[in-house]
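Quick notes on the structure that follows.
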Amino acid sequence: MAQKLVALSGNEAVAYAFKQARPHVAAAFPITPQTEMMHKYAEFVANGESTTEMILVESEHSAMSAAVGSAAAGARTFTATSSAGFALMWEVVYIAASLRLPICMALVNRALSGNINIHCDHSDSMGGRDAGWIQLFAENAQEAYDNAIMSWRIAEHMDVRLPTMVNYDGFIISHTADSLHMLSDEDAYKFIGKYKADYALLDVENPITVGPLDLTDYYFEHKASQLAAYPRALEVIKQVSDEYGDLTGRYYDHCEEYLMDDAEMVMVMLGSSAGTAKDVIDEYREKGVKVGLLKIRTFRPFPVAYLAERLAGRKAVCVLDRSASFGGQGGPVFMEVRSAMYGLQVPVHGYIYGLGGRDFDLGQVATVIEDLQKVAAGGEMNTINLLGIRS
C-alpha cells in the first residue's frame with residue numbers, strides 16, 4: 001500500500017485522519033493544546049478540501065451537546081477538547097456513551113486545575129475513564145494518526161456503537177513535528193467505509209425516542225446492555241487493528257510489548273513517555289538486565305486478560321501513572337493493572353510522575369529500573385512512589 005511520508009505535528013496528523021473519514025459534522029470550541037487541531041480542520045473546510053459542517057459553539061459542554069444531536073440525527077460526527085474543556089463536557093460525555101452514539105473525539109491530554117496548568121498529564125482522560133467511552137492512547141504522531149483512522153471503524157462497528165476517544169499528549173505530541181506515513185484520502189476512506197447509522201432521528205418512517213426519562217423501570221436494563229458492549233469492543237479493536245496492519249504494515253494490539261519475551265522485570269505505562277523508557281531499557285539490556293516495557297494502548301475497555309497473561313511469571317512489575325487518584329491507592333493505571341494481576345503473586349509497585357508537564361527524563365527511568373532490580377532480588381519498596389518531585 002503506497003503511503004506518503006510527511007512531517008506533521010500530532011494535531012495536524014489527527015486533523016488529516018479525521019478529514020479522511022469525510023465526517024458530516026464537527027463541533028468545535030478552542031482550548032489549549034487542542035485548538036490548533038480544529039484550526040487545521042477549519043482550514044480544510046475553508047479551502048474546500050472538506051464538506052464537513054463545522055458548528056462553532058460557545059463552550060465545550062455545547063460542543064458535546066451538538067455532537068450528540070448530530071450523531072443522533074444520523075451524521076458521522078467528531079469533536080476535540082483538552083483538560084478543563086473535557087471536564088465541562090462531563091454531563092454530556094456520559095450521555096453520548098449511554099445513547100451508544102459513535103462519536104469520535106481527540107482528547108489532547110493536559111493537566112486539570114488547580115492550580116492552572118496548560119501542560120501535559122493524564123488527569124483529564126483519567127477523570128473520564130468510567131464515562132463509557134473507548135479510550136486509545138498514542139506514543140507519537142504516527143500512532144495518533146493511526147488510532148484516529150481506526151477510531152471510526154471501532155466506534156461505528158455494529159457490535160460496538162460506542163464513542164471513541166483518541167488520546168495524545170499535549171505539546172509533547174500535539175505541537176511537535178514528527179515524520180509519519182499517511183494513507184491517501186481514497187485508501188483511508190475505503191478502510192473506514194461509508195457511515196451507516198444504526199438509527200436516526202430524521203428517519204421519519206421509523207420514529208424513535210432519544211434520551212427519554214429512564215427511571216427504575218428500565219434504567220438498569222439499559223446499563224446492562226451498555227456493559228455488554230465492552231467485551232465485544234475489545235474483540236473489535238483487535239480485529240480492526242489487524243486489518244489496519246494488513247493495509248499499512250503497522251500492527252497494533254491492546255498493548256505494545258517491548259523486549260518482553262525474556263523480561264524478568266516489566267515497566268507498564270502509556271503515552272509519549274514510553275519512547276523515553278525504551279531508550280533506557282536498551283541501555284540496561286546491554287548490561288544484561290532483563291527488563292521490558294508493556295505500553296498500554298487500549299485503556300478502555302481495559303484488557304484484563306491480556307495484561308494478566310503478559311505479566312504472569314515476572315519477578316517484579318512497576319506501573320507509571322501521569323495522573324493521581326486522590327485518596328486512592330496510587331494512580332488509575334496502577335490500580336487497574338494491580339487488579340488484573342490479582343492472584344499472580346508478582347510484586348507490583350506504582351510511580352506517579354510528570355504531573356503538570358514535569359519532565360520525564362532518562363534518569364527517572366533508570367531509577368525505576370534500579371528499584372525493579374531491588375524488588376526482583378527480594379527487597380522492599382513503597383507501593384506508591386513520587387518520581388521526579390523536587391525536594
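In the C-alpha cells, chains take letters A, B, ... by order of appearance, with residues numbered from 1 within each chain and ligands from 1 in the order shown.
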
Which residues come within 10 Å of stretch 69-80 of chain A, counting only C-alpha atoms, excluding same-chain residues fewer than 4 positions away, as a PyMOL selection string? chain A and resi 15+18+21-31+34-35+37-38+52-55+60+63-65+85-86+96+99-108+152+156+163-166+194-203+209-211

Give me every strand (DSSP E) residue in stretch 152-282 of chain A, going by DSSP on the backbone, as number ranges by chain. A: 164-169, 178-182, 255-258, 265-269

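Considering only C-alpha atoms, the residue among A:Ala177, A:Met267, A:Leu136, A:Val346 positioned nearest to A:Asp253 is A:Leu136.
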
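Ranking A:Leu372, A:Leu320, A:Val160, A:Val14 by their shortest atom-to-atom distance to A:Ile384, with only C-alpha atoms included, puts A:Leu320 first.
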
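Closest approach to A:Glu58 from the set A:Val368, A:Ser83, A:Arg310, A:Leu88 is made by A:Leu88, with distances taken over only C-alpha atoms.
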
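Within 8 Å of A:Asp159, once only C-alpha atoms are used and residues closer than 3 positions along the same chain are dropped, the contacting residues are Ala229, Arg232, Ala233 and Val236 of chain A.
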
Compile the contact shell of A:His349 as a JSON list (two decimals) with N, CA and C atoms, in the first residue's frame: residues with an atom at most 8 Å away, counting only C-alpha atoms, same-chain residues fewer than 6 positions apart removed.
[["chain", "number", "residue", "atom", "x", "y", "z"],
["A", 317, "VAL", "N", 7.02, -5.97, 38.75],
["A", 317, "VAL", "CA", 6.32, -5.10, 37.79],
["A", 317, "VAL", "C", 6.16, -3.73, 38.43],
["A", 318, "CYS", "N", 6.38, -2.70, 37.63],
["A", 318, "CYS", "CA", 6.08, -1.35, 38.10],
["A", 318, "CYS", "C", 5.18, -0.67, 37.08],
["A", 319, "VAL", "N", 4.27, 0.17, 37.58],
["A", 319, "VAL", "CA", 3.31, 0.88, 36.74],
["A", 319, "VAL", "C", 3.52, 2.37, 36.93],
["A", 334, "PHE", "N", -2.16, 2.14, 37.67],
["A", 334, "PHE", "CA", -1.66, 1.21, 38.67],
["A", 334, "PHE", "C", -2.78, 0.37, 39.26],
["A", 381, "MET", "N", 9.99, -2.07, 48.73],
["A", 381, "MET", "CA", 9.86, -0.73, 48.18],
["A", 381, "MET", "C", 8.46, -0.24, 48.48],
["A", 382, "ASN", "N", 8.30, 1.07, 48.60],
["A", 382, "ASN", "CA", 6.97, 1.62, 48.80],
["A", 382, "ASN", "C", 6.06, 1.22, 47.64],
["A", 383, "THR", "N", 4.80, 0.96, 47.96],
["A", 383, "THR", "CA", 3.86, 0.60, 46.90],
["A", 383, "THR", "C", 3.69, 1.73, 45.91],
["A", 384, "ILE", "N", 3.63, 2.97, 46.41],
["A", 384, "ILE", "CA", 3.45, 4.14, 45.55],
["A", 384, "ILE", "C", 4.63, 5.08, 45.76]]

Can you list, as a PyMOL selection string, every protein, DNA or RNA residue that comes within 6 Å of stretch 321-324 of chain A when you count only C-alpha atoms, leaving out same-chain residues fewer than 6 positions away? chain A and resi 121-123+331+352-355

Selection near A:Ala366, 7 Å with only C-alpha atoms, sequence-local residues under 4 positions removed, as a PDB file with C-alpha atoms, in the first residue's frame:
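Dumped to out31.pdb:
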ATOM      1  CA  VAL A 280      16.943   3.495  28.853  1.00  0.00           C
ATOM      2  CA  LEU A 362      16.369   9.249  31.367  1.00  0.00           C
ATOM      3  CA  GLU A 370      17.199   0.117  39.724  1.00  0.00           C
TER       4      GLU A 370
END

Please run DSSP on the backbone and report, as a PyMOL selection string, all residues within stretch 175-247 of chain A that come out as helix (DSSP H, G or I). chain A and resi 185-192+219-227+229-247

Compile the contact shell of A:Tyr94 as a PyMOL selection string: residues with an atom at most 9 Å away, counting only C-alpha atoms, same-chain residues fewer than 5 positions apart removed. chain A and resi 89+99+128+130-133

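Minimum atom-to-atom distances from A:Asp185, A:Glu143, A:Asp178, A:Asp242 to A:Tyr16 were compared using only C-alpha atoms, and the lowest value belongs to A:Asp185.
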
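Compared by their closest atoms to A:Asp146, and using only C-alpha atoms, the residues A:Val92, A:Ala17, A:Val289, A:Val348 rank with A:Ala17 nearest.
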
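Here atom CA of A:Asp361 stands at a distance of 10.6 Å from atom CA of A:Gly275.
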
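Distance-wise, atom CA of A:Glu235 and atom CA of A:Glu257 end up 18.5 Å apart.
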
Provide the atom CA of A:Lys4 to atom CA of A:Met182 distance in Å, to one decimal place. 5.2 Å

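Proximity of A:Ala312, A:Ala263, A:Met335, A:Ala148 to A:Lys19, computed with only C-alpha atoms, is greatest for A:Ala148.
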